[in-house]
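Source file: work-v7.cif; contents: mmCIF, C-alpha atoms.
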```cif
data_run
loop_
_atom_site.label_atom_id
_atom_site.label_comp_id
_atom_site.auth_asym_id
_atom_site.auth_seq_id
_atom_site.Cartn_x
_atom_site.Cartn_y
_atom_site.Cartn_z
CA MET S 26 -40.20 -115.59 23.05
CA PRO S 27 -36.59 -116.28 24.11
CA THR S 28 -35.56 -115.21 27.57
CA SER S 29 -31.87 -114.65 26.90
CA SER S 30 -30.77 -111.03 26.47
CA HIS S 31 -27.91 -112.23 24.28
CA SER S 32 -29.22 -114.57 21.62
CA ARG S 33 -31.38 -117.57 21.00
CA ASN S 34 -29.34 -120.59 21.99
CA SER S 35 -30.26 -122.50 18.85
CA ASN S 36 -28.38 -120.13 16.58
CA ASN S 37 -25.27 -119.08 18.48
CA THR S 38 -22.84 -121.43 16.74
CA ALA S 39 -20.20 -120.00 14.44
CA TRP S 40 -21.46 -119.61 10.89
CA THR S 41 -20.52 -118.02 7.58
CA GLY S 42 -22.87 -117.95 4.62
CA MET S 43 -25.50 -116.12 2.61
CA VAL S 44 -28.77 -114.78 4.04
CA PRO S 45 -31.50 -114.43 1.39
CA VAL S 46 -33.52 -111.21 1.54
CA GLU S 47 -35.93 -109.96 -1.12
CA ASP S 48 -34.20 -110.05 -4.53
CA THR S 49 -30.68 -110.51 -3.14
CA ALA S 50 -28.53 -112.33 -0.61
CA LEU S 51 -26.19 -110.95 2.04
CA ALA S 52 -22.80 -112.36 3.02
CA VAL S 53 -22.81 -112.84 6.80
CA THR S 54 -20.18 -113.96 9.32
CA ASP S 55 -21.13 -114.91 12.88
CA THR S 56 -18.43 -115.97 15.35
CA GLY S 57 -21.05 -117.53 17.60
CA GLY S 58 -20.74 -118.02 21.33
CA THR S 59 -22.72 -116.82 24.32
CA GLY S 60 -21.04 -113.44 24.77
CA THR S 61 -22.72 -110.09 24.19
CA PRO S 62 -23.83 -110.00 20.53
CA LEU S 63 -22.23 -107.16 18.57
CA VAL S 64 -23.64 -106.44 15.11
CA TYR S 65 -21.34 -104.32 12.95
CA LEU S 66 -22.82 -101.89 10.41
CA ASN S 67 -20.56 -100.78 7.58
CA GLY S 68 -19.89 -97.44 5.98
CA SER S 69 -21.87 -96.50 2.84
CA TYR S 70 -19.83 -98.49 0.33
CA ALA S 71 -17.66 -100.50 2.72
CA SER S 72 -17.44 -104.20 3.51
CA GLN S 73 -17.21 -106.19 6.71
CA LYS S 74 -13.43 -106.47 6.38
CA HIS S 75 -13.04 -102.98 7.89
CA TRP S 76 -14.02 -104.33 11.33
CA GLN S 77 -11.19 -106.88 11.59
CA ARG S 78 -9.01 -104.83 13.94
CA VAL S 79 -11.90 -103.98 16.28
CA ILE S 80 -12.98 -107.62 16.42
CA ALA S 81 -9.44 -108.80 17.10
CA ASP S 82 -9.07 -106.23 19.88
CA LEU S 83 -12.33 -107.24 21.57
CA GLY S 84 -11.57 -110.94 21.25
CA PRO S 85 -13.64 -114.13 21.59
CA GLY S 86 -15.54 -113.08 24.71
CA TYR S 87 -18.07 -111.37 22.45
CA ARG S 88 -20.27 -112.68 19.68
CA HIS S 89 -19.29 -110.77 16.53
CA ILE S 90 -21.70 -110.57 13.59
CA THR S 91 -20.64 -108.79 10.42
CA TYR S 92 -22.31 -108.60 7.02
CA ASP S 93 -21.99 -106.91 3.66
CA GLU S 94 -24.79 -104.68 2.42
CA ARG S 95 -26.30 -105.14 -1.04
CA ALA S 96 -23.67 -105.02 -3.82
CA ARG S 97 -20.91 -104.55 -1.25
CA GLY S 98 -18.27 -107.11 -0.34
CA LYS S 99 -19.49 -110.61 -1.14
CA SER S 100 -23.21 -109.79 -1.13
CA LYS S 101 -25.33 -109.93 -4.27
CA ARG S 102 -26.68 -107.02 -6.29
CA SER S 103 -30.26 -105.75 -5.92
CA ALA S 104 -32.80 -103.45 -7.54
CA ASP S 105 -33.08 -101.50 -4.28
CA TYR S 106 -30.19 -99.73 -2.54
CA SER S 107 -32.29 -97.39 -0.44
CA PHE S 108 -31.84 -96.72 3.25
CA GLU S 109 -35.09 -98.53 3.95
CA ALA S 110 -33.62 -101.57 2.21
CA ALA S 111 -30.65 -101.33 4.58
CA VAL S 112 -33.08 -101.26 7.52
CA ARG S 113 -34.80 -104.40 6.23
CA ASP S 114 -31.45 -106.09 5.71
CA LEU S 115 -30.51 -105.54 9.34
CA ASP S 116 -33.85 -107.07 10.35
CA ALA S 117 -33.16 -110.05 8.08
CA VAL S 118 -29.68 -110.67 9.50
CA LEU S 119 -30.91 -110.48 13.10
CA LYS S 120 -33.74 -112.90 12.33
CA ALA S 121 -31.51 -115.32 10.42
CA ARG S 122 -28.95 -115.48 13.22
CA GLY S 123 -31.53 -115.47 16.03
CA VAL S 124 -30.15 -112.39 17.77
CA ASP S 125 -32.06 -110.49 20.45
CA ARG S 126 -31.09 -107.05 21.78
CA PRO S 127 -27.66 -106.73 20.18
CA LEU S 128 -25.29 -103.84 20.60
CA LEU S 129 -25.00 -102.14 17.20
CA VAL S 130 -21.56 -100.86 16.21
CA GLY S 131 -21.75 -98.60 13.16
CA TRP S 132 -19.29 -96.54 11.19
CA SER S 133 -20.51 -93.48 9.23
CA TYR S 134 -23.56 -94.67 7.24
CA GLY S 135 -23.68 -97.68 9.54
CA ALA S 136 -23.87 -95.40 12.58
CA LEU S 137 -26.79 -93.59 10.94
CA LEU S 138 -28.48 -96.94 10.33
CA GLY S 139 -27.85 -98.01 13.93
CA VAL S 140 -29.43 -94.89 15.41
CA TYR S 141 -32.47 -94.94 13.14
CA TRP S 142 -32.99 -98.64 13.82
CA ALA S 143 -32.62 -98.10 17.58
CA ASP S 144 -35.15 -95.27 17.46
CA ARG S 145 -37.68 -97.52 15.74
CA ASN S 146 -36.87 -100.60 17.85
CA PRO S 147 -35.84 -99.40 21.33
CA ASP S 148 -36.87 -102.67 22.97
CA ARG S 149 -34.84 -104.77 20.52
CA VAL S 150 -31.45 -103.11 20.91
CA ALA S 151 -29.06 -102.76 23.86
CA GLY S 152 -27.29 -99.67 22.57
CA VAL S 153 -25.27 -98.15 19.74
CA VAL S 154 -21.60 -97.32 19.29
CA GLY S 155 -21.34 -94.65 16.58
CA VAL S 156 -17.96 -94.40 14.87
CA ASP S 157 -17.67 -90.80 13.62
CA GLY S 158 -21.41 -90.46 13.28
CA PRO S 159 -24.22 -89.90 13.04
CA PHE S 160 -24.36 -86.12 13.28
CA PRO S 161 -27.55 -84.04 12.89
CA VAL S 162 -26.56 -82.12 9.79
CA GLY S 163 -26.63 -82.88 6.09
CA TRP S 164 -26.54 -81.25 2.69
CA THR S 165 -29.96 -80.57 1.25
CA ASP S 166 -29.22 -77.59 -0.99
CA GLU S 167 -29.31 -78.53 -4.67
CA ALA S 168 -25.86 -77.03 -5.28
CA ASP S 169 -24.37 -79.29 -2.61
CA LEU S 170 -26.18 -82.33 -3.98
CA GLU S 171 -24.84 -81.59 -7.44
CA ARG S 172 -21.37 -81.45 -5.91
CA VAL S 173 -21.95 -85.02 -4.66
CA ARG S 174 -23.01 -86.16 -8.11
CA LYS S 175 -20.00 -84.49 -9.74
CA LEU S 176 -17.64 -86.13 -7.24
CA PHE S 177 -18.90 -89.59 -8.11
CA ARG S 178 -18.87 -88.87 -11.82
CA ARG S 179 -15.19 -88.01 -11.47
CA LEU S 180 -14.64 -91.25 -9.57
CA ARG S 181 -16.56 -93.46 -11.98
CA PHE S 182 -13.45 -95.12 -13.42
CA VAL S 183 -11.82 -95.56 -10.00
CA LEU S 184 -14.79 -97.11 -8.20
CA PRO S 185 -14.57 -100.57 -9.84
CA LEU S 186 -10.86 -100.73 -9.01
CA VAL S 187 -11.40 -100.24 -5.27
CA VAL S 188 -14.32 -102.63 -4.88
CA PRO S 189 -11.95 -105.48 -3.86
CA LEU S 190 -10.60 -103.23 -1.08
CA GLY S 191 -14.07 -102.75 0.36
CA LEU S 192 -14.08 -99.06 -0.61
CA ALA S 193 -16.82 -99.06 -3.23
CA ALA S 194 -19.94 -100.98 -4.17
CA ARG S 195 -20.63 -102.97 -7.33
CA MET S 196 -22.98 -100.33 -8.68
CA SER S 197 -22.84 -97.27 -10.91
CA ALA S 198 -21.36 -93.92 -9.91
CA ALA S 199 -24.87 -92.44 -10.04
CA GLN S 200 -26.13 -95.09 -7.61
CA HIS S 201 -23.23 -94.34 -5.27
CA ALA S 202 -24.21 -90.67 -5.39
CA GLU S 203 -27.89 -91.32 -4.65
CA ILE S 204 -26.98 -93.32 -1.54
CA ALA S 205 -24.92 -90.36 -0.31
CA ILE S 206 -27.66 -87.86 -1.13
CA GLU S 207 -30.31 -89.88 0.71
CA ALA S 208 -27.97 -90.17 3.70
CA HIS S 209 -27.53 -86.39 3.80
CA ALA S 210 -31.30 -85.92 3.96
CA LEU S 211 -31.55 -88.45 6.78
CA HIS S 212 -28.75 -86.74 8.70
CA ALA S 213 -30.45 -83.38 8.27
CA ALA S 214 -33.60 -84.79 9.91
CA LEU S 215 -31.73 -86.51 12.73
CA GLY S 216 -31.89 -83.85 15.47
CA PRO S 217 -35.26 -84.78 16.99
CA ILE S 218 -34.42 -88.48 16.82
CA LEU S 219 -31.15 -88.03 18.71
CA GLU S 220 -32.80 -85.72 21.21
CA GLY S 221 -35.47 -88.29 22.02
CA LEU S 222 -33.41 -91.47 21.82
CA THR S 223 -33.96 -93.72 24.83
CA VAL S 224 -31.10 -96.19 24.29
CA PRO S 225 -27.46 -95.42 25.12
CA VAL S 226 -25.19 -94.22 22.31
CA ARG S 227 -21.42 -93.93 22.61
CA TYR S 228 -19.64 -91.82 20.01
CA VAL S 229 -16.05 -92.22 18.88
CA VAL S 230 -15.30 -88.99 17.02
CA ALA S 231 -12.60 -88.55 14.37
CA SER S 232 -10.74 -85.40 13.32
CA GLY S 233 -10.52 -83.61 9.99
CA ASP S 234 -12.37 -84.01 6.71
CA HIS S 235 -12.73 -86.89 4.29
CA THR S 236 -12.73 -87.28 0.52
CA GLY S 237 -15.12 -84.84 -1.12
CA ASP S 238 -15.25 -82.48 1.84
CA ALA S 239 -13.28 -79.29 2.29
CA GLY S 240 -13.07 -76.37 4.63
CA GLY S 241 -13.70 -78.19 7.89
CA GLU S 242 -17.15 -79.51 6.95
CA MET S 243 -16.77 -82.68 9.00
CA ASP S 244 -15.71 -80.75 12.11
CA GLN S 245 -18.70 -78.45 11.64
CA ALA S 246 -20.92 -81.53 11.48
CA ARG S 247 -19.38 -82.94 14.66
CA ALA S 248 -19.99 -79.66 16.48
CA THR S 249 -23.74 -80.00 15.91
CA LEU S 250 -23.70 -82.88 18.38
CA ASP S 251 -22.70 -80.68 21.34
CA PRO S 252 -26.13 -79.23 22.25
CA LEU S 253 -27.70 -82.68 21.97
CA LEU S 254 -25.15 -84.12 24.41
CA ALA S 255 -26.37 -81.56 26.93
CA ARG S 256 -30.04 -82.35 26.35
CA ASN S 257 -29.97 -86.16 26.16
CA PRO S 258 -27.87 -88.01 28.76
CA ASN S 259 -28.11 -91.19 26.68
CA LEU S 260 -25.64 -89.63 24.20
CA THR S 261 -21.99 -89.68 25.26
CA VAL S 262 -18.66 -89.11 23.50
CA SER S 263 -16.32 -91.90 24.53
CA ALA S 264 -13.27 -90.57 22.68
CA LYS S 265 -12.06 -88.08 20.11
CA VAL S 266 -9.21 -89.52 18.06
CA ALA S 267 -6.57 -88.09 15.74
CA SER S 268 -7.40 -90.07 12.60
CA ASN S 269 -9.84 -88.80 9.99
CA HIS S 270 -13.24 -90.17 9.01
CA GLU S 271 -11.90 -92.66 6.48
CA LYS S 272 -8.99 -94.01 8.54
CA ILE S 273 -10.62 -94.26 11.97
CA LEU S 274 -11.19 -98.02 11.93
CA ALA S 275 -7.69 -98.70 10.64
CA LYS S 276 -5.79 -96.30 12.89
CA ASP S 277 -7.94 -95.92 16.01
CA SER S 278 -9.64 -99.29 16.37
CA PRO S 279 -8.61 -99.53 20.08
CA ALA S 280 -10.78 -96.49 20.86
CA VAL S 281 -13.75 -98.17 19.18
CA ALA S 282 -13.15 -101.39 21.11
CA ASP S 283 -12.89 -99.39 24.34
CA ALA S 284 -16.23 -97.70 23.61
CA VAL S 285 -17.84 -101.12 23.17
CA ARG S 286 -16.39 -102.35 26.46
CA GLU S 287 -17.47 -99.16 28.21
CA LEU S 288 -21.03 -99.52 26.97
CA VAL S 289 -21.23 -103.22 27.80
CA THR S 290 -20.00 -102.46 31.30
CA ALA S 291 -22.53 -99.66 31.67
CA LEU S 292 -25.29 -102.02 30.60
CA GLY S 293 -24.19 -104.50 33.24
CA ARG S 294 -23.68 -107.27 30.70
CA GLU S 295 -21.61 -110.36 31.38
CA VAL S 296 -19.16 -111.13 28.59
CA GLY S 297 -18.08 -114.65 27.74
#
```

Spit out the file's structure as structure tokens when you get a sec.
Amino acid sequence: MPTSSHSRNSNNTAWTGMVPVEDTALAVTDTGGTGTPLVYLNGSYASQKHWQRVIADLGPGYRHITYDERARGKSKRSADYSFEAAVRDLDAVLKARGVDRPLLVGWSYGALLGVYWADRNPDRVAGVVGVDGPFPVGWTDEADLERVRKLFRRLRFVLPLVVPLGLAARMSAAQHAEIAIEAHALHAALGPILEGLTVPVRYVVASGDHTGDAGGEMDQARATLDPLLARNPNLTVSAKVASNHEKILAKDSPAVADAVRELVTALGREVG
């Protein structure tokens, strides 16, 4: 087993390419180096391009690893877009790039993935920075789930147009909806996981709703975090920013970068 807490020395050179996994292949970018490894986990239908400002802010003292999930960005399509497939993909990327105990930086769905992965693998992760998520609440009522399906049916002609912007996946509107529905169920079951989490998590919390939400639903979701902050000292809010859920990486990337630095400092890591 490697002794470095950062990465296996044999694989820390800069690299861009495709990582095969199951019936697909994932587009991966690794800046290399010996700094603290940061693995970025995208939003539900997003691509790695959304992390550019955060990476630029943090600079070359860190090792930055980004990748596109199945049918997102430059990655290939698959027969499986489940959350468990996303978990396996993270495993595959870490193995391919030889990374041990990274700090996971996730936005939205990516933050959910980071926390679930950390709960299952506490000895393999240094910590998690959650960008406007995850929160222990989700829609499970059938009326709400049908609202999700209707939203994506309305968007079915728009989705292919925004794929190049990293705002949608190369899949059907129904497949988009099922990813969102599964994520809601996972959020709804998140309370005990967050309460028992043994690795540090830093939250950067946005303001206001996002597309498809109305009536302050996102702020209600964020409020569910408060009692857990009191019960688990490993959970901390680093910042609450003015931008909304969708714009947080574009408009408040410095707060995300600061949360990473704060957590690295707290972990006593040397950078660069």

(Q) For S:Ile218, find every residue with an atom within 8 Å (counting only C-alpha atoms), except residues of its own chain fewer than 3 positions away, and show them as a PyMOL selection string. (A) chain S and resi 141+144+214-215+221-222

### Message
Evaluate the PyMOL selection byres ((chain S and resi 168-175) around 9) against this structure - the residues, as a list in words, please.
### Response
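Output from the PyMOL selection byres ((chain S and resi 168-175) around 9), applied to this file: Trp164, Thr165, Asp166, Glu167, Leu176, Phe177, Arg178, Arg179, Leu180, Ala198, Ala199, His201, Ala202, Glu203, Ala205, Ile206, His209 and Gly237 of chain S.
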
Restricted to C-alpha atoms, what would the selected residues look like written as a compact mmCIF listing (two decimals), in the frame of the given file?
```
# COMPACT_ATOMS: atom_id res chain seq x y z
CA TRP S 164 -26.54 -81.25 2.69
CA THR S 165 -29.96 -80.57 1.25
CA ASP S 166 -29.22 -77.59 -0.99
CA GLU S 167 -29.31 -78.53 -4.67
CA LEU S 176 -17.64 -86.13 -7.24
CA PHE S 177 -18.90 -89.59 -8.11
CA ARG S 178 -18.87 -88.87 -11.82
CA ARG S 179 -15.19 -88.01 -11.47
CA LEU S 180 -14.64 -91.25 -9.57
CA ALA S 198 -21.36 -93.92 -9.91
CA ALA S 199 -24.87 -92.44 -10.04
CA HIS S 201 -23.23 -94.34 -5.27
CA ALA S 202 -24.21 -90.67 -5.39
CA GLU S 203 -27.89 -91.32 -4.65
CA ALA S 205 -24.92 -90.36 -0.31
CA ILE S 206 -27.66 -87.86 -1.13
CA HIS S 209 -27.53 -86.39 3.80
CA GLY S 237 -15.12 -84.84 -1.12
```

Going by the chain IDs and residue numbers used in this file, which residues fall under the PyMOL selection byres ((chain S and resi 193) around 12)? Write them as a PyMOL selection string.
chain S and resi 67-72+93-98+177+180-192+194-198+200-202+204

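In this comparison, which uses only C-alpha atoms, the residue of S:Ala81, S:Ala111, S:Ala208, S:Val226 approaching S:Pro147 most closely is S:Val226.
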
For S:Asp125, the nearest of the candidates S:Pro62, S:Gly216, S:Pro258, S:Pro159, counting all atoms listed in the file
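Result for the nearest residue to S:Asp125: S:Pro62.
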
Inset, instruction - Write out as number ranges by chain each polymer residue whose atoms come within 7 Å of S:Asp55, counting all atoms listed in the file; drop sequence neighbours fewer than 5 positions from it. - result: S: 39-41, 89-91

Write a file of the selected residues as an mmCIF file, keeping the file's coordinate frame, keeping C-alpha atoms.
```
data_model
loop_
_atom_site.group_PDB
_atom_site.id
_atom_site.type_symbol
_atom_site.label_atom_id
_atom_site.label_comp_id
_atom_site.auth_asym_id
_atom_site.auth_seq_id
_atom_site.Cartn_x
_atom_site.Cartn_y
_atom_site.Cartn_z
ATOM 1 C CA ALA S 39 -20.200 -120.000 14.440
ATOM 2 C CA TRP S 40 -21.460 -119.610 10.890
ATOM 3 C CA THR S 41 -20.520 -118.020 7.580
ATOM 4 C CA HIS S 89 -19.290 -110.770 16.530
ATOM 5 C CA ILE S 90 -21.700 -110.570 13.590
ATOM 6 C CA THR S 91 -20.640 -108.790 10.420
#
```

Could you list, as a PyMOL selection string, every residue within 12 Å of S:Arg78, counting all atoms listed in the file and ignoring same-chain residues fewer than 3 positions away? chain S and resi 73-75+81-84+273-282

S:Val79, S:Leu137, S:Met243, S:Val44 ranked by distance to S:Asp114, top pick (using all atoms listed in the file):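 Ranked by minimum distance to S:Asp114, first place goes to S:Val44.
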
The residue from S:Phe108, S:Gly152, S:Glu271, S:Arg145 with the smallest atom-to-atom distance to S:Thr61, counting only C-alpha atoms, is S:Gly152

With the file shown as input, list the residues that the PyMOL selection byres ((chain S and resi 268) around 8) selects, as a PDB file with C-alpha atoms, in the coordinates of the input.
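Once everything was written out, this is part-v3.pdb:
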```pdb
ATOM      1  CA  ALA S 231     -12.600 -88.550  14.370  1.00  0.00           C
ATOM      2  CA  SER S 232     -10.740 -85.400  13.320  1.00  0.00           C
ATOM      3  CA  GLY S 233     -10.520 -83.610   9.990  1.00  0.00           C
ATOM      4  CA  VAL S 266      -9.210 -89.520  18.060  1.00  0.00           C
ATOM      5  CA  ALA S 267      -6.570 -88.090  15.740  1.00  0.00           C
ATOM      6  CA  ASN S 269      -9.840 -88.800   9.990  1.00  0.00           C
ATOM      7  CA  HIS S 270     -13.240 -90.170   9.010  1.00  0.00           C
ATOM      8  CA  LYS S 272      -8.990 -94.010   8.540  1.00  0.00           C
ATOM      9  CA  ILE S 273     -10.620 -94.260  11.970  1.00  0.00           C
ATOM     10  CA  LYS S 276      -5.790 -96.300  12.890  1.00  0.00           C
ATOM     11  CA  ASP S 277      -7.940 -95.920  16.010  1.00  0.00           C
TER      12      ASP S 277
END
```

All file atoms of stretch 218-228 of chain S boxed axis-aligned, 4 Å per side, centre plus edges, as AutoDock Vina command-line options:
```
--center_x -27.6 --center_y -91.0 --center_z 21.0 --size_x 23.8 --size_y 18.5 --size_z 16.3
```

Can you work out which one of S:Val156, S:Ala110, S:Leu254, S:Leu292 has the shortest atom-to-atom distance to S:Pro127, counting all atoms listed in the file?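 Among the listed residues, the smallest separation from S:Pro127 belongs to S:Leu292.
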
Taking 5 positions as the minimum chain separation for residues in the same chain, which residues sit within 9 Å of S:Pro45 when counting all atoms listed in the file? Answer as a list of chain:residue names.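 Non-adjacent residues within range: S:Ala50, S:Leu51, S:Ala117.
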